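Note sheet for the following structure.
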Amino acid sequence: MKGIIFTEFFDLVEQAFGFEVADKIIDECELPSGGVYTSVGTYDHTEILALVGTLSKITEIPAPQLLITYGRFIYPKLHAQLKGMGLEFRHSFELFSALDDIIHPEVLKLYPDAELPNFEASVLNDHQLLLKYSSCRPFAHMAEGLIYGAADWYGENLAVTLTHRNTDNNFCTDITITRQ
Ligand code: HEM
């Protein structure tokens, strides 16, 4: 997982819970990286899961909720990269429909070692879009937060529901997005 995911996570933890909590979660997790991250580095995704799990224990906020908050927080940083890729979208549904075919493939050109999920998008009707998330990593709730982040970005009101359909070797989640 790219270092920006870790450096932004610590920005959020420091802002929301303070430096002491940030230090505490690093101390309590046995991390191969030692908890030292640079935005250009690449680290094992299990480290972010360990950090979120420990933060959840300390704050008593459920881990899925932390992942949603984190996705929403990091979204503007990811969206800012679209301009450099020459990409622009008029509204969130247009962007979500381009995730798998255009956006994440462009991300891979920039960061060939990025670990990205698959999203199959289908329009259900004028107000609803289904995104089928599948990944060998369990970050569907981060996707949920990123979707809320895109809603904030475009000034839209979106409701998101998740139905987990995990298989033996993949994390699969149907994400239904309703524009209000
Ligand atoms: C709402 C729109 C988006 C959603 C739902 C989404 C979803 C995700 C998810 C869930 C992951 C975690 C990896 C996994 O689950 O296997 C991820 C990783 C990532 N995404 Fe997206 N994404 C969105 C938009 C973007 C945009 C606009 C960019 C940048 C142009 C971007 C760049 C990245 C990068 C750099 C990673 C990290 C890859 C790694 O750590 O190796 N995403 N995305």
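Every chain in the structure tokens has a letter given in the order shown (A, B, ...), and although residue numbers restart at 1 in each chain, ligands are simply numbered from 1 in the order shown.
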
Within 8 Å of ligand 1, counting only C-alpha atoms and all ligand atoms, which protein or nucleic acid residues do you find, written as JSON, numbers by chain?
{"A": [1, 2, 3, 4, 5, 42, 45, 75, 77, 78, 79, 80, 81, 82, 85, 92, 95, 96, 99, 103, 104, 106, 107, 111, 113, 114, 115, 116, 117, 118, 133, 134, 135, 136, 137, 138, 139, 140, 141, 142, 143, 144, 145, 146, 147, 148, 149, 150]}

Using the selection just defined, write its residues with N, CA and C atoms as a compact mmCIF listing (two decimals), in the first residue's frame.
```
# COMPACT_ATOMS: atom_id res chain seq x y z
N MET A 1 0.85 -1.20 0.00
CA MET A 1 0.00 0.00 0.00
C MET A 1 0.89 1.25 0.00
N LYS A 2 0.47 2.25 -0.80
CA LYS A 2 1.32 3.43 -0.96
C LYS A 2 1.42 4.24 0.34
N GLY A 3 2.61 4.84 0.50
CA GLY A 3 2.91 5.59 1.73
C GLY A 3 1.93 6.70 2.02
N ILE A 4 1.36 7.31 0.96
CA ILE A 4 0.41 8.43 1.19
C ILE A 4 -0.78 7.97 2.05
N ILE A 5 -1.16 6.70 1.89
CA ILE A 5 -2.28 6.16 2.67
C ILE A 5 -1.91 6.19 4.17
N THR A 42 6.33 2.15 -0.13
CA THR A 42 5.25 1.16 -0.25
C THR A 42 5.35 0.23 0.96
N HIS A 45 -0.18 -3.73 3.39
CA HIS A 45 -1.50 -3.20 3.75
C HIS A 45 -1.96 -3.70 5.12
N TYR A 75 -10.07 11.68 0.64
CA TYR A 75 -10.57 11.84 -0.72
C TYR A 75 -10.03 13.07 -1.45
N LYS A 77 -7.31 14.61 -1.31
CA LYS A 77 -5.90 14.40 -1.71
C LYS A 77 -5.84 13.52 -2.96
N LEU A 78 -6.68 12.50 -3.02
CA LEU A 78 -6.68 11.63 -4.21
C LEU A 78 -7.29 12.36 -5.40
N HIS A 79 -8.40 13.07 -5.14
CA HIS A 79 -9.08 13.78 -6.24
C HIS A 79 -8.14 14.80 -6.89
N ALA A 80 -7.29 15.42 -6.07
CA ALA A 80 -6.37 16.45 -6.57
C ALA A 80 -5.42 15.90 -7.64
N GLN A 81 -5.22 14.56 -7.64
CA GLN A 81 -4.30 13.97 -8.61
C GLN A 81 -4.93 13.84 -10.00
N LEU A 82 -6.26 13.97 -10.08
CA LEU A 82 -6.94 13.76 -11.37
C LEU A 82 -6.49 14.78 -12.42
N MET A 85 -3.61 13.96 -14.37
CA MET A 85 -3.87 12.84 -15.29
C MET A 85 -4.70 13.32 -16.48
N SER A 92 -20.44 13.01 -9.44
CA SER A 92 -19.85 11.82 -8.81
C SER A 92 -20.15 10.53 -9.58
N LEU A 95 -17.76 9.99 -12.26
CA LEU A 95 -16.46 9.58 -11.71
C LEU A 95 -16.47 8.11 -11.28
N PHE A 96 -17.51 7.69 -10.55
CA PHE A 96 -17.56 6.30 -10.08
C PHE A 96 -17.56 5.32 -11.28
N LEU A 99 -14.04 4.64 -12.53
CA LEU A 99 -13.01 4.17 -11.58
C LEU A 99 -12.16 3.03 -12.12
N ILE A 103 -9.68 5.68 -14.04
CA ILE A 103 -8.96 6.32 -12.93
C ILE A 103 -7.89 5.40 -12.34
N HIS A 104 -8.29 4.24 -11.85
CA HIS A 104 -7.28 3.37 -11.23
C HIS A 104 -6.22 2.89 -12.23
N GLU A 106 -4.96 4.73 -14.54
CA GLU A 106 -4.02 5.88 -14.59
C GLU A 106 -3.15 5.89 -13.33
N VAL A 107 -3.77 5.54 -12.19
CA VAL A 107 -3.00 5.48 -10.93
C VAL A 107 -1.86 4.45 -11.07
N TYR A 111 2.00 4.80 -10.29
CA TYR A 111 2.57 3.96 -9.22
C TYR A 111 2.38 2.50 -9.62
N ASP A 113 3.40 -0.17 -8.55
CA ASP A 113 3.24 -1.16 -7.47
C ASP A 113 2.00 -0.90 -6.61
N ALA A 114 1.11 0.02 -7.06
CA ALA A 114 -0.12 0.28 -6.29
C ALA A 114 -0.98 -0.98 -6.27
N GLU A 115 -1.67 -1.19 -5.14
CA GLU A 115 -2.57 -2.34 -4.99
C GLU A 115 -3.99 -1.80 -5.04
N LEU A 116 -4.70 -2.07 -6.12
CA LEU A 116 -6.00 -1.44 -6.32
C LEU A 116 -7.11 -2.47 -6.39
N PRO A 117 -8.29 -2.09 -5.95
CA PRO A 117 -9.43 -3.02 -6.02
C PRO A 117 -10.07 -2.99 -7.40
N ASN A 118 -11.01 -3.88 -7.65
CA ASN A 118 -11.81 -3.83 -8.87
C ASN A 118 -13.19 -3.27 -8.53
N TYR A 133 -17.49 -4.01 -5.51
CA TYR A 133 -16.10 -3.95 -5.05
C TYR A 133 -15.55 -5.36 -4.92
N SER A 134 -14.36 -5.59 -5.48
CA SER A 134 -13.68 -6.85 -5.13
C SER A 134 -12.19 -6.62 -5.05
N SER A 135 -11.58 -7.24 -4.01
CA SER A 135 -10.17 -7.00 -3.72
C SER A 135 -9.67 -8.14 -2.85
N CYS A 136 -8.36 -8.37 -2.85
CA CYS A 136 -7.84 -9.33 -1.87
C CYS A 136 -7.56 -8.61 -0.55
N ARG A 137 -7.92 -7.32 -0.48
CA ARG A 137 -7.76 -6.56 0.77
C ARG A 137 -9.14 -6.07 1.24
N PRO A 138 -9.34 -6.02 2.56
CA PRO A 138 -10.68 -5.69 3.07
C PRO A 138 -10.91 -4.19 3.28
N PHE A 139 -11.02 -3.43 2.17
CA PHE A 139 -11.15 -1.99 2.33
C PHE A 139 -12.47 -1.43 1.77
N ALA A 140 -13.53 -2.25 1.80
CA ALA A 140 -14.82 -1.77 1.28
C ALA A 140 -15.32 -0.55 2.06
N HIS A 141 -15.04 -0.52 3.37
CA HIS A 141 -15.52 0.63 4.16
C HIS A 141 -14.71 1.89 3.85
N MET A 142 -13.45 1.70 3.44
CA MET A 142 -12.68 2.86 2.99
C MET A 142 -13.30 3.38 1.69
N ALA A 143 -13.72 2.45 0.81
CA ALA A 143 -14.40 2.86 -0.43
C ALA A 143 -15.66 3.67 -0.08
N GLU A 144 -16.40 3.20 0.94
CA GLU A 144 -17.61 3.91 1.36
C GLU A 144 -17.26 5.36 1.75
N GLY A 145 -16.18 5.50 2.52
CA GLY A 145 -15.75 6.84 2.93
C GLY A 145 -15.30 7.68 1.74
N LEU A 146 -14.62 7.05 0.78
CA LEU A 146 -14.18 7.78 -0.41
C LEU A 146 -15.40 8.27 -1.20
N ILE A 147 -16.46 7.46 -1.24
CA ILE A 147 -17.69 7.85 -1.95
C ILE A 147 -18.32 9.07 -1.26
N TYR A 148 -18.35 9.07 0.07
CA TYR A 148 -18.85 10.26 0.78
C TYR A 148 -17.95 11.46 0.52
N GLY A 149 -16.65 11.19 0.39
CA GLY A 149 -15.70 12.27 0.09
C GLY A 149 -15.99 12.87 -1.28
N ALA A 150 -16.32 12.00 -2.25
CA ALA A 150 -16.66 12.50 -3.59
C ALA A 150 -17.96 13.29 -3.52
```

Could you write out, as a ChimeraX atom specification, all the residues of region 5-168 of chain A that DSSP marks as strand (DSSP E or B)?
/A:42,118-125,128-135,158-164

The residue from A:Ala98, A:Ile58, A:Leu49, A:Leu31 with the smallest atom-to-atom distance to Phe119 (chain A), counting only C-alpha atoms, is A:Ala98

Within 6 Å of region 155-158 of chain A using only C-alpha atoms, minus same-chain residues under 3 positions, as a ChimeraX atom specification:
/A:151-152,178-180

Can you spit out the residues from that selection as a short mmCIF file (atom, residue, chain, number, x, y, z; two decimals), in the first residue's frame, using all heavy atoms?
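Final output, selection-v1.cif:
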```cif
data_model
loop_
_atom_site.label_atom_id
_atom_site.label_comp_id
_atom_site.auth_asym_id
_atom_site.auth_seq_id
_atom_site.Cartn_x
_atom_site.Cartn_y
_atom_site.Cartn_z
N ALA A 151 -18.91 12.84 -2.70
CA ALA A 151 -20.18 13.58 -2.53
C ALA A 151 -19.88 14.98 -1.98
O ALA A 151 -20.43 15.97 -2.47
CB ALA A 151 -21.11 12.82 -1.59
N ASP A 152 -19.00 15.06 -0.98
CA ASP A 152 -18.62 16.38 -0.42
C ASP A 152 -18.03 17.24 -1.52
O ASP A 152 -18.34 18.41 -1.65
CB ASP A 152 -17.56 16.22 0.69
CG ASP A 152 -18.07 15.46 1.90
OD1 ASP A 152 -19.30 15.37 2.07
OD2 ASP A 152 -17.21 14.97 2.68
N THR A 178 -27.13 5.92 -3.72
CA THR A 178 -28.38 6.59 -4.10
C THR A 178 -28.19 8.10 -3.99
O THR A 178 -27.77 8.60 -2.95
CB THR A 178 -29.54 6.15 -3.16
OG1 THR A 178 -29.57 4.71 -3.17
CG2 THR A 178 -30.88 6.70 -3.63
N ARG A 179 -28.49 8.78 -5.11
CA ARG A 179 -28.39 10.24 -5.11
C ARG A 179 -29.72 10.78 -4.65
O ARG A 179 -30.76 10.43 -5.20
CB ARG A 179 -28.08 10.70 -6.55
CG ARG A 179 -27.56 12.09 -6.63
CD ARG A 179 -26.91 12.40 -7.95
NE ARG A 179 -27.51 11.72 -9.08
CZ ARG A 179 -26.88 11.54 -10.26
NH1 ARG A 179 -25.66 11.97 -10.42
NH2 ARG A 179 -27.47 10.93 -11.26
N GLN A 180 -29.71 11.63 -3.62
CA GLN A 180 -30.98 12.10 -3.01
C GLN A 180 -31.46 13.39 -3.69
O GLN A 180 -30.68 14.20 -4.06
CB GLN A 180 -30.77 12.39 -1.53
CG GLN A 180 -29.86 11.38 -0.84
CD GLN A 180 -30.60 10.50 0.14
OE1 GLN A 180 -31.36 11.01 0.92
NE2 GLN A 180 -30.36 9.20 0.11
#
```

Could you tell me how far CA of Gly84 (chain A) sits from CA of Ala121 (chain A), in Å to one decimal place?
24.0 Å

Which residues are close to Ala63 (chain A), i.e. within 7 Å by only C-alpha atoms, leaving aside same-chain residues fewer than 4 positions away? Reply as a ChimeraX atom specification.
/A:52-53,56,67

Please identify which residues in chain A DSSP calls alpha helix (DSSP H) from the backbone, and express them as a PyMOL selection string.
chain A and resi 3-17+19-28+45-59+63-79+92-97+104-110+140-154

CA of Pro64 (chain A) and CA of Arg165 (chain A), how far apart in Å?
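Between CA of Arg165 (chain A) and CA of Pro64 (chain A) the gap is 16.1 Å.
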
Using only C-alpha atoms, pick whichever of A:Asn169, A:Leu51, A:Thr161, A:Glu120 has the shortest atom-to-atom distance to Leu66 (chain A).
A:Leu51

Can you pull out the residues contacting region 12-17 of chain A? Cut-off 9 Å, using only C-alpha atoms, and skip same-chain residues under 2 positions away; I want them as number ranges by chain.
A: 7-10, 19-22, 55, 59, 70, 73-74

Applying 12 Å and only C-alpha atoms, which residues near Glu30 (chain A) remain after dropping the ones on its own chain fewer than 2 positions away? List them as a list in words.
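Result of the neighbour search: Lys24, Ile25, Ile26, Asp27, Glu28, Pro32, Ser33, Gly34, Gly35, Thr46, Glu47, Ile48, Leu49, Ala50, Leu51 and Thr54 of chain A.
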